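S.K.: The structure is given below, and queries will be raised subsequently.
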Amino acid sequence: MSSSQKLRQLLARPEILVIPGIYDCLGAKLAEQLGFEVLATSGFGIAASTLGLPDYGLLTATEMLYSVGRIAQSVNIPLIADMDTGYGNALNVIRTVKDAVQLGIAGILLEDQEWPKKCGHFEGKRVIPMAEHAGKIRAAVQARGDSGLAIIARTDARAPLGLEEAIHRGRAYIAAGADILFVEAPQSVEELKAIVAAFPDVPLVANMIEGGKTPQLSASELQQLGFKIVFFPVSTLLAATQVMTACLRQLKEQGTTANLKDLVSFKDFQELIGVSNYLQIEQQFKE
């Protein structure tokens, strides 16, 4: 069964899908080991971890596909990839989608921001005309062929144009063939409820960013409202930054990490990345 088919089976279940945002292969393997059934890449996290820069459209299509392709190949569960705007017009979207299919990605996000885009919870976002993005969605549907790749249409219109326009755009993107709708950065529980009311038969995404514009609701609360997917896109990035800061601070101040708490043991880390398996394979071919 392909990763896209696995994702569609999970979407058919009644419960909400809780999907952590990850930005590298190590995080992906940890999430898989802990029992998550689907992962999503965070463009914010990949920009920060690979470039040390903010999510301002500074990653190229090549850089993004390289990162998400390696992540997809490191785990055995479906991966949804943040593909920003598709990196251009409908022609660029076609190539992006075909590359994503070849890499074994289960689903992609395509947003309607102008390029260069920004993080969905930053100020100063601008969106392209609705008809243009609907055309990009149609191009993506055509380009995926019979792969089953799930297409998530994201609109960032709430901030610059208001919720009503975001809902209007969402209807157009679903009509264009998107499988799932993602209205980014609603600013209250009432707005979350309005989105659900407008799309009673469409799988909907909620995006939970700690300190972002959307109220921090739990997965169970979002399921009760009517959402199908909840992303936690930067939680692992923020947590890792906190832990690395503590480690580096102690090393700088004390010249040792001997007393540092909460470190994973070197042995356990080797098991996580499969060192014992590779030792066995190496021995097999020596003999």
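Going through the structure tokens in order, the chains are called A, B, and so on, while each chain numbers its residues from 1 and the ligands are numbered from 1 in the order shown.
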At most 12 Å is the cut-off: for each residue in region 88-174 of chain A with any atom that close to an atom of region 225-240 of chain A, write down the nearest atom pair and the distance in Å rounded to one decimal, counting only C-alpha atoms, chain first then increasing number, as a Markdown table.

M.R.:
| residue | atom | partner | partner_atom | distance |
| --- | --- | --- | --- | --- |
| A:Leu109 | CA | A:Phe231 | CA | 11.9 |
| A:Cys119 | CA | A:Pro233 | CA | 11.0 |
| A:Gly120 | CA | A:Pro233 | CA | 11.1 |
| A:His121 | CA | A:Pro233 | CA | 11.6 |
| A:Ile152 | CA | A:Ile229 | CA | 10.9 |

S.K.: Could you save those same residues with C-alpha atoms as a PDB file, in the first residue's frame?

M.R.:
ATOM      1  CA  LEU A 109      -0.016  21.715   1.269  1.00  0.00           C
ATOM      2  CA  CYS A 119       4.796  32.038   8.023  1.00  0.00           C
ATOM      3  CA  GLY A 120       1.030  31.939   8.366  1.00  0.00           C
ATOM      4  CA  HIS A 121       1.199  33.618  11.787  1.00  0.00           C
ATOM      5  CA  ILE A 152      -4.487  20.276   1.013  1.00  0.00           C
TER       6      ILE A 152
END

S.K.: Excluding Tyr56 (chain A) and residues on its chain fewer than 5 positions from it, collect all residues at most 12 Å away from it, counting only C-alpha atoms, and give them as a list in words.

M.R.: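 The residues satisfying every condition are Gly43, Phe44, Gly45, Ile46, Ala47, Ala48, Leu51, Asp84, Thr85, Gln113, Glu114, Trp115, Pro116, Lys117, Lys118, Cys119, Gly120, His121, Phe122, Glu123, Gly124 and Lys125 of chain A.
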
S.K.: Those same residues - N, CA and C atoms - I'd like them written as an mmCIF file, in the first residue's frame.

M.R.:
data_model
loop_
_atom_site.group_PDB
_atom_site.id
_atom_site.type_symbol
_atom_site.label_atom_id
_atom_site.label_comp_id
_atom_site.auth_asym_id
_atom_site.auth_seq_id
_atom_site.Cartn_x
_atom_site.Cartn_y
_atom_site.Cartn_z
ATOM 1 N N GLY A 43 7.549 23.935 7.120
ATOM 2 C CA GLY A 43 8.414 24.827 6.353
ATOM 3 C C GLY A 43 9.154 25.787 7.271
ATOM 4 N N PHE A 44 8.483 26.229 8.327
ATOM 5 C CA PHE A 44 9.106 27.089 9.337
ATOM 6 C C PHE A 44 10.322 26.382 9.939
ATOM 7 N N GLY A 45 10.123 25.112 10.326
ATOM 8 C CA GLY A 45 11.190 24.356 10.957
ATOM 9 C C GLY A 45 12.336 24.039 10.023
ATOM 10 N N ILE A 46 12.024 23.714 8.770
ATOM 11 C CA ILE A 46 13.079 23.403 7.808
ATOM 12 C C ILE A 46 13.898 24.647 7.490
ATOM 13 N N ALA A 47 13.236 25.801 7.350
ATOM 14 C CA ALA A 47 13.968 27.042 7.105
ATOM 15 C C ALA A 47 14.885 27.366 8.277
ATOM 16 N N ALA A 48 14.350 27.203 9.494
ATOM 17 C CA ALA A 48 15.148 27.525 10.676
ATOM 18 C C ALA A 48 16.310 26.563 10.857
ATOM 19 N N LEU A 51 18.688 26.620 7.247
ATOM 20 C CA LEU A 51 19.259 27.912 6.854
ATOM 21 C C LEU A 51 19.538 28.825 8.045
ATOM 22 N N ASP A 84 4.660 25.097 0.399
ATOM 23 C CA ASP A 84 4.511 26.545 0.259
ATOM 24 C C ASP A 84 3.487 26.892 -0.825
ATOM 25 N N THR A 85 3.877 27.671 -1.798
ATOM 26 C CA THR A 85 2.963 28.093 -2.867
ATOM 27 C C THR A 85 3.069 27.216 -4.107
ATOM 28 N N GLN A 113 -0.638 32.376 -0.822
ATOM 29 C CA GLN A 113 0.117 33.605 -0.600
ATOM 30 C C GLN A 113 0.869 34.034 -1.852
ATOM 31 N N GLU A 114 1.181 35.343 -1.896
ATOM 32 C CA GLU A 114 2.142 35.824 -2.881
ATOM 33 C C GLU A 114 3.522 35.292 -2.515
ATOM 34 N N TRP A 115 4.363 35.148 -3.551
ATOM 35 C CA TRP A 115 5.753 34.767 -3.307
ATOM 36 C C TRP A 115 6.626 36.011 -3.310
ATOM 37 N N PRO A 116 7.546 36.141 -2.352
ATOM 38 C CA PRO A 116 7.885 35.195 -1.292
ATOM 39 C C PRO A 116 6.842 35.185 -0.184
ATOM 40 N N LYS A 117 6.506 33.958 0.227
ATOM 41 C CA LYS A 117 5.488 33.783 1.273
ATOM 42 C C LYS A 117 6.085 34.061 2.642
ATOM 43 N N LYS A 118 5.204 34.039 3.658
ATOM 44 C CA LYS A 118 5.629 34.188 5.040
ATOM 45 C C LYS A 118 4.935 33.133 5.882
ATOM 46 N N CYS A 119 5.484 32.888 7.055
ATOM 47 C CA CYS A 119 4.796 32.038 8.023
ATOM 48 C C CYS A 119 3.364 32.526 8.184
ATOM 49 N N GLY A 120 2.435 31.591 8.291
ATOM 50 C CA GLY A 120 1.030 31.939 8.366
ATOM 51 C C GLY A 120 0.641 32.760 9.570
ATOM 52 N N HIS A 121 1.508 32.843 10.586
ATOM 53 C CA HIS A 121 1.199 33.618 11.787
ATOM 54 C C HIS A 121 2.082 34.859 11.899
ATOM 55 N N PHE A 122 2.764 35.231 10.797
ATOM 56 C CA PHE A 122 3.493 36.488 10.718
ATOM 57 C C PHE A 122 2.566 37.588 10.214
ATOM 58 N N GLU A 123 2.974 38.825 10.447
ATOM 59 C CA GLU A 123 2.227 39.964 9.931
ATOM 60 C C GLU A 123 2.639 40.256 8.483
ATOM 61 N N GLY A 124 1.756 40.989 7.774
ATOM 62 C CA GLY A 124 2.115 41.487 6.448
ATOM 63 C C GLY A 124 1.948 40.502 5.314
ATOM 64 N N LYS A 125 1.106 39.470 5.495
ATOM 65 C CA LYS A 125 0.892 38.507 4.408
ATOM 66 C C LYS A 125 0.061 39.132 3.287
#

S.K.: Excluding Ser4 (chain A) and its own-chain neighbours fewer than 4 positions away, which residues fall within 8 Å of it when counting only C-alpha atoms? Please give them as JSON, numbers by chain.

M.R.: {"A": [8, 78, 105, 106, 107, 147, 148, 149, 150]}

S.K.: For the selection you just gave me, I'd like the residues written to a file as a compact mmCIF listing (two decimals), in the first residue's frame, keeping N, CA, C and O atoms.

M.R.:
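So again_17.txt came out as:
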# COMPACT_ATOMS: atom_id res chain seq x y z
N ARG A 8 -5.11 8.15 3.20
CA ARG A 8 -6.55 8.20 2.92
C ARG A 8 -7.33 7.24 3.82
O ARG A 8 -8.46 7.55 4.23
N PRO A 78 2.94 7.74 6.64
CA PRO A 78 2.73 8.79 5.65
C PRO A 78 3.27 10.15 6.10
O PRO A 78 3.22 10.50 7.28
N ILE A 105 5.81 10.97 -1.11
CA ILE A 105 5.10 11.82 -0.16
C ILE A 105 3.61 11.53 -0.26
O ILE A 105 3.07 11.33 -1.36
N ALA A 106 2.92 11.54 0.88
CA ALA A 106 1.51 11.14 0.91
C ALA A 106 0.56 12.29 0.60
O ALA A 106 -0.53 12.08 0.08
N GLY A 107 0.95 13.50 0.98
CA GLY A 107 0.09 14.66 0.77
C GLY A 107 0.92 15.92 0.76
O GLY A 107 2.05 15.94 1.27
N SER A 147 -1.88 8.67 -8.49
CA SER A 147 -1.03 8.39 -7.32
C SER A 147 -1.79 8.40 -6.01
O SER A 147 -1.35 7.82 -5.02
N GLY A 148 -2.90 9.13 -5.96
CA GLY A 148 -3.63 9.26 -4.70
C GLY A 148 -3.10 10.34 -3.79
O GLY A 148 -3.59 10.50 -2.66
N LEU A 149 -2.09 11.10 -4.24
CA LEU A 149 -1.53 12.18 -3.43
C LEU A 149 -2.65 13.08 -2.92
O LEU A 149 -3.47 13.57 -3.69
N ALA A 150 -2.69 13.30 -1.61
CA ALA A 150 -3.71 14.17 -1.02
C ALA A 150 -3.28 15.62 -1.16
O ALA A 150 -2.14 15.99 -0.85

S.K.: Write out as a list in words each polymer residue whose atoms come within 9 Å of Ser220 (chain A), counting only C-alpha atoms; drop sequence neighbours fewer than 4 positions from it.

M.R.: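 Surrounding residues, per the criterion: Glu15, Ile16, Gln224 and Leu225 of chain A.
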
S.K.: Can you write just those residues out, N, CA, C and O atoms, as a short mmCIF file (atom, residue, chain, number, x, y, z; two decimals), in the first residue's frame?

M.R.:
data_model
loop_
_atom_site.label_atom_id
_atom_site.label_comp_id
_atom_site.auth_asym_id
_atom_site.auth_seq_id
_atom_site.Cartn_x
_atom_site.Cartn_y
_atom_site.Cartn_z
N GLU A 15 -11.96 9.45 14.07
CA GLU A 15 -11.24 10.32 15.00
C GLU A 15 -10.33 11.31 14.27
O GLU A 15 -9.92 11.10 13.14
N ILE A 16 -10.02 12.41 14.96
CA ILE A 16 -9.16 13.43 14.41
C ILE A 16 -7.73 12.90 14.31
O ILE A 16 -7.30 12.06 15.11
N GLN A 224 -14.43 17.84 18.52
CA GLN A 224 -15.81 18.17 18.88
C GLN A 224 -16.35 19.31 18.02
O GLN A 224 -17.54 19.34 17.67
N LEU A 225 -15.48 20.24 17.65
CA LEU A 225 -15.90 21.33 16.77
C LEU A 225 -16.17 20.84 15.35
O LEU A 225 -17.00 21.41 14.65
#

S.K.: Which of region 79-176 of chain A end up as alpha helix (DSSP H) when DSSP is run on this backbone - answer as a ChimeraX atom specification?

M.R.: /A:90-102,130-144,158-161,163-175

S.K.: Name all residues at most 10 Å from Val189 (chain A) (count only C-alpha atoms; drop same-chain ones fewer than 5 positions away) and give them as a list in words.

M.R.: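 In the requested format, the answer is Ala194, Ile195, Thr214, Pro215, Gln216, Leu217, Leu222 and Leu225 of chain A.
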
S.K.: Go ahead and compute the interatomic distance for CA of Leu192 (chain A) and CA of Ile180 (chain A), in Å to one decimal.

M.R.: 15.5 Å
